[in-house]
>>> print(open('start.cif').read())   # mmCIF, C-alpha atoms and all ligand atoms; chains and numbers go by the auth columns
data_start
#
loop_
_atom_site.group_PDB
_atom_site.id
_atom_site.type_symbol
_atom_site.label_atom_id
_atom_site.label_comp_id
_atom_site.label_asym_id
_atom_site.label_seq_id
_atom_site.Cartn_x
_atom_site.Cartn_y
_atom_site.Cartn_z
_atom_site.B_iso_or_equiv
_atom_site.auth_seq_id
_atom_site.auth_asym_id
ATOM 1 C CA MET A 1 -151.350 10.103 -49.266 0.00 1105 A
ATOM 2 C CA LYS A 2 -149.337 12.913 -47.698 0.00 1106 A
ATOM 3 C CA ASN A 3 -150.704 16.427 -47.808 0.00 1107 A
ATOM 4 C CA PRO A 4 -148.473 18.276 -50.322 0.00 1108 A
ATOM 5 C CA LEU A 5 -148.995 21.566 -48.490 0.00 1109 A
ATOM 6 C CA MET A 6 -147.429 20.368 -45.254 0.00 1110 A
ATOM 7 C CA PRO A 7 -143.785 21.222 -46.025 0.00 1111 A
ATOM 8 C CA PHE A 8 -144.755 24.791 -46.942 0.00 1112 A
ATOM 9 C CA LEU A 9 -146.828 25.193 -43.806 0.00 1113 A
ATOM 10 C CA THR A 10 -143.980 23.873 -41.706 0.00 1114 A
ATOM 11 C CA ILE A 11 -141.565 26.342 -43.237 0.00 1115 A
ATOM 12 C CA ALA A 12 -144.029 29.214 -42.846 0.00 1116 A
ATOM 13 C CA VAL A 13 -144.626 28.384 -39.187 0.00 1117 A
ATOM 14 C CA LEU A 14 -140.900 28.024 -38.522 0.00 1118 A
ATOM 15 C CA GLY A 15 -140.330 31.368 -40.231 0.00 1119 A
ATOM 16 C CA ILE A 16 -142.920 33.100 -38.081 0.00 1120 A
ATOM 17 C CA ILE A 17 -141.482 31.596 -34.913 0.00 1121 A
ATOM 18 C CA LEU A 18 -138.005 32.706 -35.987 0.00 1122 A
ATOM 19 C CA VAL A 19 -139.126 36.294 -36.625 0.00 1123 A
ATOM 20 C CA PHE A 20 -140.896 36.518 -33.259 0.00 1124 A
ATOM 21 C CA GLY A 21 -137.999 34.876 -31.518 0.00 1125 A
ATOM 22 C CA LEU A 22 -135.514 37.294 -33.006 0.00 1126 A
ATOM 23 C CA SER A 23 -137.544 40.367 -32.155 0.00 1127 A
ATOM 24 C CA VAL A 24 -137.974 39.233 -28.560 0.00 1128 A
ATOM 25 C CA TYR A 25 -134.244 38.576 -28.442 0.00 1129 A
ATOM 26 C CA GLY A 26 -133.576 42.061 -29.828 0.00 1130 A
ATOM 27 C CA VAL A 27 -135.766 43.741 -27.230 0.00 1131 A
ATOM 28 C CA THR A 28 -134.129 41.804 -24.406 0.00 1132 A
ATOM 29 C CA GLN A 29 -130.691 42.765 -25.674 0.00 1133 A
ATOM 30 C CA GLN A 30 -131.712 46.416 -25.751 0.00 1134 A
ATOM 31 C CA ALA A 31 -133.071 46.284 -22.211 0.00 1135 A
ATOM 32 C CA ALA A 32 -129.839 44.673 -21.039 0.00 1136 A
ATOM 33 C CA GLY A 33 -127.882 47.459 -22.687 0.00 1137 A
ATOM 34 C CA ASP A 34 -127.881 49.761 -19.682 0.00 1138 A
ATOM 35 C CA GLY A 35 -125.313 47.919 -17.685 0.00 1139 A
ATOM 36 C CA GLU A 36 -126.738 45.547 -15.121 0.00 1140 A
ATOM 37 C CA GLY A 37 -126.804 42.491 -17.380 0.00 1141 A
ATOM 38 C CA GLU A 38 -129.791 40.240 -18.129 0.00 1142 A
ATOM 39 C CA SER A 39 -133.062 42.105 -18.524 0.00 1143 A
ATOM 40 C CA THR A 40 -132.846 44.835 -15.910 0.00 1144 A
ATOM 41 C CA PRO A 41 -136.064 45.146 -13.953 0.00 1145 A
ATOM 42 C CA ALA A 42 -136.874 48.691 -12.843 0.00 1146 A
ATOM 43 C CA THR A 43 -136.039 49.451 -9.211 0.00 1147 A
ATOM 44 C CA PRO A 44 -138.938 50.317 -6.887 0.00 1148 A
ATOM 45 C CA GLU A 45 -137.649 53.906 -6.774 0.00 1149 A
ATOM 46 C CA GLU A 46 -137.873 54.124 -10.583 0.00 1150 A
ATOM 47 C CA ILE A 47 -141.349 52.616 -10.629 0.00 1151 A
ATOM 48 C CA TYR A 48 -142.444 55.048 -7.924 0.00 1152 A
ATOM 49 C CA ALA A 49 -140.926 58.017 -9.766 0.00 1153 A
ATOM 50 C CA GLN A 50 -142.833 57.069 -12.920 0.00 1154 A
ATOM 51 C CA ALA A 51 -146.200 56.066 -11.527 0.00 1155 A
ATOM 52 C CA CYS A 52 -146.662 57.774 -8.174 0.00 1156 A
ATOM 53 C CA ALA A 53 -144.319 60.749 -7.704 0.00 1157 A
ATOM 54 C CA SER A 54 -146.507 63.163 -9.656 0.00 1158 A
ATOM 55 C CA CYS A 55 -149.098 62.996 -6.876 0.00 1159 A
ATOM 56 C CA HIS A 56 -147.111 61.779 -3.868 0.00 1160 A
ATOM 57 C CA GLY A 57 -143.905 63.797 -4.402 0.00 1161 A
ATOM 58 C CA GLN A 58 -140.419 62.845 -5.642 0.00 1162 A
ATOM 59 C CA ASN A 59 -139.346 62.071 -2.071 0.00 1163 A
ATOM 60 C CA LEU A 60 -142.659 60.711 -0.761 0.00 1164 A
ATOM 61 C CA GLU A 61 -143.281 64.141 0.765 0.00 1165 A
ATOM 62 C CA GLY A 62 -146.759 64.377 -0.733 0.00 1166 A
ATOM 63 C CA ALA A 63 -148.264 66.772 -3.278 0.00 1167 A
ATOM 64 C CA SER A 64 -151.836 66.469 -4.512 0.00 1168 A
ATOM 65 C CA GLY A 65 -151.791 63.056 -2.808 0.00 1169 A
ATOM 66 C CA PRO A 66 -150.860 62.431 0.838 0.00 1170 A
ATOM 67 C CA ALA A 67 -147.236 62.004 1.963 0.00 1171 A
ATOM 68 C CA LEU A 68 -146.014 58.399 1.957 0.00 1172 A
ATOM 69 C CA GLN A 69 -142.844 58.926 3.997 0.00 1173 A
ATOM 70 C CA ALA A 70 -144.070 56.792 6.880 0.00 1174 A
ATOM 71 C CA ILE A 71 -146.537 54.717 4.911 0.00 1175 A
ATOM 72 C CA GLY A 72 -144.916 51.475 6.124 0.00 1176 A
ATOM 73 C CA SER A 73 -145.903 52.217 9.716 0.00 1177 A
ATOM 74 C CA LYS A 74 -149.487 52.719 8.637 0.00 1178 A
ATOM 75 C CA TYR A 75 -149.918 49.834 6.180 0.00 1179 A
ATOM 76 C CA SER A 76 -148.237 46.507 5.439 0.00 1180 A
ATOM 77 C CA ALA A 77 -146.794 45.864 1.974 0.00 1181 A
ATOM 78 C CA ASP A 78 -149.885 43.762 1.209 0.00 1182 A
ATOM 79 C CA GLU A 79 -152.219 46.560 2.204 0.00 1183 A
ATOM 80 C CA ILE A 80 -150.279 49.015 0.037 0.00 1184 A
ATOM 81 C CA LYS A 81 -150.653 46.573 -2.844 0.00 1185 A
ATOM 82 C CA GLY A 82 -154.378 46.555 -2.226 0.00 1186 A
ATOM 83 C CA ILE A 83 -154.459 50.366 -2.238 0.00 1187 A
ATOM 84 C CA VAL A 84 -152.723 50.521 -5.634 0.00 1188 A
ATOM 85 C CA GLN A 85 -155.200 47.972 -7.001 0.00 1189 A
ATOM 86 C CA GLU A 86 -158.221 49.597 -5.376 0.00 1190 A
ATOM 87 C CA PRO A 87 -157.420 53.159 -4.302 0.00 1191 A
ATOM 88 C CA PRO A 88 -159.371 54.759 -1.455 0.00 1192 A
ATOM 89 C CA SER A 89 -160.990 57.281 -3.805 0.00 1193 A
ATOM 90 C CA GLN A 90 -161.279 58.295 -7.442 0.00 1194 A
ATOM 91 C CA MET A 91 -158.593 60.910 -6.872 0.00 1195 A
ATOM 92 C CA MET A 92 -156.062 58.101 -7.339 0.00 1196 A
ATOM 93 C CA PRO A 93 -156.288 55.937 -10.491 0.00 1197 A
ATOM 94 C CA PRO A 94 -156.333 52.133 -9.932 0.00 1198 A
ATOM 95 C CA ASN A 95 -153.719 49.621 -11.145 0.00 1199 A
ATOM 96 C CA LEU A 96 -151.022 52.142 -12.084 0.00 1200 A
ATOM 97 C CA VAL A 97 -148.514 49.381 -11.424 0.00 1201 A
ATOM 98 C CA GLN A 98 -149.111 45.638 -11.743 0.00 1202 A
ATOM 99 C CA GLY A 99 -147.536 42.234 -11.327 0.00 1203 A
ATOM 100 C CA GLU A 100 -143.926 41.892 -10.181 0.00 1204 A
ATOM 101 C CA GLU A 101 -143.373 45.631 -10.331 0.00 1205 A
ATOM 102 C CA LEU A 102 -146.258 46.123 -7.919 0.00 1206 A
ATOM 103 C CA ASP A 103 -144.817 43.472 -5.572 0.00 1207 A
ATOM 104 C CA ALA A 104 -141.451 45.246 -5.529 0.00 1208 A
ATOM 105 C CA LEU A 105 -142.998 48.701 -5.160 0.00 1209 A
ATOM 106 C CA ALA A 106 -145.320 47.671 -2.315 0.00 1210 A
ATOM 107 C CA GLU A 107 -142.481 45.943 -0.476 0.00 1211 A
ATOM 108 C CA TRP A 108 -140.300 49.041 -0.774 0.00 1212 A
ATOM 109 C CA LEU A 109 -143.082 51.355 0.389 0.00 1213 A
ATOM 110 C CA GLY A 110 -143.800 48.993 3.276 0.00 1214 A
ATOM 111 C CA GLU A 111 -140.237 49.646 4.452 0.00 1215 A
ATOM 112 C CA GLN A 112 -140.792 53.417 4.586 0.00 1216 A
ATOM 113 C CA GLN A 113 -141.407 53.948 8.287 0.00 1217 A
HETATM 114 C C1 LIG B . -153.368 61.074 -9.766 0.00 1 B
HETATM 115 C C2 LIG B . -152.705 61.217 -8.489 0.00 1 B
HETATM 116 C C3 LIG B . -152.176 59.973 -7.801 0.00 1 B
HETATM 117 C C4 LIG B . -151.316 59.035 -8.294 0.00 1 B
HETATM 118 C C5 LIG B . -150.662 58.978 -9.664 0.00 1 B
HETATM 119 C C6 LIG B . -151.085 58.098 -7.222 0.00 1 B
HETATM 120 N N1 LIG B . -151.814 58.447 -6.121 0.00 1 B
HETATM 121 FE FE1 LIG B . -151.845 57.478 -4.335 0.00 1 B
HETATM 122 N N2 LIG B . -153.256 58.741 -3.670 0.00 1 B
HETATM 123 C C7 LIG B . -153.704 59.870 -4.348 0.00 1 B
HETATM 124 C C8 LIG B . -154.688 60.555 -3.530 0.00 1 B
HETATM 125 C C9 LIG B . -155.406 61.830 -3.902 0.00 1 B
HETATM 126 C C10 LIG B . -154.823 59.774 -2.341 0.00 1 B
HETATM 127 C C11 LIG B . -155.757 60.039 -1.165 0.00 1 B
HETATM 128 C C12 LIG B . -157.086 59.423 -1.542 0.00 1 B
HETATM 129 C C13 LIG B . -158.080 59.466 -0.423 0.00 1 B
HETATM 130 O O1 LIG B . -157.678 59.337 0.729 0.00 1 B
HETATM 131 O O2 LIG B . -159.252 59.584 -0.767 0.00 1 B
HETATM 132 C C14 LIG B . -153.898 58.675 -2.464 0.00 1 B
HETATM 133 C C15 LIG B . -153.704 57.718 -1.461 0.00 1 B
HETATM 134 C C16 LIG B . -152.707 56.774 -1.487 0.00 1 B
HETATM 135 C C17 LIG B . -152.378 55.890 -0.398 0.00 1 B
HETATM 136 C C18 LIG B . -153.049 55.856 0.972 0.00 1 B
HETATM 137 C C19 LIG B . -152.387 56.890 1.826 0.00 1 B
HETATM 138 C C20 LIG B . -152.858 56.907 3.240 0.00 1 B
HETATM 139 O O3 LIG B . -152.155 57.514 4.072 0.00 1 B
HETATM 140 O O4 LIG B . -153.916 56.341 3.537 0.00 1 B
HETATM 141 C C21 LIG B . -151.340 55.126 -0.797 0.00 1 B
HETATM 142 C C22 LIG B . -150.616 54.052 -0.012 0.00 1 B
HETATM 143 C C23 LIG B . -151.022 55.516 -2.154 0.00 1 B
HETATM 144 N N3 LIG B . -151.866 56.522 -2.541 0.00 1 B
HETATM 145 C C24 LIG B . -150.029 54.963 -2.911 0.00 1 B
HETATM 146 C C25 LIG B . -149.798 55.278 -4.241 0.00 1 B
HETATM 147 C C26 LIG B . -148.854 54.588 -5.059 0.00 1 B
HETATM 148 C C27 LIG B . -147.968 53.450 -4.595 0.00 1 B
HETATM 149 C C28 LIG B . -148.915 55.156 -6.296 0.00 1 B
HETATM 150 C C29 LIG B . -148.151 54.736 -7.538 0.00 1 B
HETATM 151 C C30 LIG B . -148.398 53.407 -8.003 0.00 1 B
HETATM 152 C C31 LIG B . -149.905 56.195 -6.239 0.00 1 B
HETATM 153 N N4 LIG B . -150.416 56.238 -4.979 0.00 1 B
HETATM 154 C C32 LIG B . -150.245 57.008 -7.307 0.00 1 B
HETATM 155 C C33 LIG B . -153.333 60.292 -5.587 0.00 1 B
HETATM 156 C C34 LIG B . -152.486 59.587 -6.434 0.00 1 B
#
>>> encode(input="start.cif", output="structure tokens", more="lines below")
Ligand code: HEC
Amino acid sequence: MKNPLMPFLTIAVLGIILVFGLSVYGVTQQAAGDGEGESTPATPEEIYAQACASCHGQNLEGASGPALQAIGSKYSADEIKGIVQEPPSQMMPPNLVQGEELDALAEWLGEQQ
């Protein structure tokens, strides 16, 4: 015999999926609102300004942390990634940036020579 609850469960599950789907859609639409279409990923400069500039200066000139203006001639992008994940000392917090944003940030810093 069929379980009489099944249709209700199916509808409930579909409803939940719909609600989540719509809210994700809404967030994506909002993110796309500032012009560059699709979901706009932050530029490395924006990520740097948010996560690093307070200690390394708006223009990489250094502040409480060392200057990063020529960091690309000292470290490769991969090494910079490693530094963000495991900083040289406790004066710099670990994992301020992660994932794709870290890839983009490290690549950009690696170009600062
Ligand atoms: C709370 C302050 C602070 C923040 C935020 C911070 N740093 Fe640092 N960073 C430091 C300090 C202090 C050092 C030097 C640590 C040492 O040598 O012991 C350092 C060192 C470094 C170094 C090594 C520099 C060298 O010449 O060896 C790199 C690269 C670096 N930071 C990148 C970053 C990046 C990228 C971010 C953003 C994701 C960031 N830091 C955020 C404080 C900070």
>>> closest_residue(input="start.cif", among="A:Gly1119, A:Pro1148, A:Pro1108, A:Gly1161", to="A:Glu1204", atoms="all atoms listed in the file")
A:Pro1148
>>> resolve_selection(input="start.cif", expression="the PyMOL selection byres (((chain A and resi 1211) around 10) and not hetatm)", output="list in words")
Pro1148, Gly1176, Ser1180, Ala1181, Asp1182, Ile1184, Lys1185, Glu1205, Leu1206, Asp1207, Ala1208, Leu1209, Ala1210, Trp1212, Leu1213, Gly1214, Glu1215 and Gln1216 of chain A
>>> residues_near_ligand(input="start.cif", ligand="ligand LIG 1 (chain B)", cutoff="9 Å", atoms="all atoms listed in the file", output="JSON, numbers by chain")
{"A": [1151, 1152, 1153, 1154, 1155, 1156, 1157, 1158, 1159, 1160, 1167, 1168, 1169, 1170, 1171, 1172, 1174, 1175, 1176, 1178, 1179, 1183, 1184, 1185, 1186, 1187, 1188, 1189, 1191, 1192, 1193, 1194, 1195, 1196, 1197, 1198, 1199, 1200, 1201, 1202, 1206, 1209, 1210, 1213]}
>>> atom_distance(input="start.cif", atom1="atom CA of A:Ser1177", atom2="atom CA of A:Asn1163")
16.7 Å
>>> atom_distance(input="start.cif", atom1="atom CA of A:Leu1126", atom2="atom CA of A:Ala1146")
23.2 Å
>>> atom_distance(input="start.cif", atom1="atom CA of A:Gln1173", atom2="atom CA of A:Gln1217")
6.7 Å
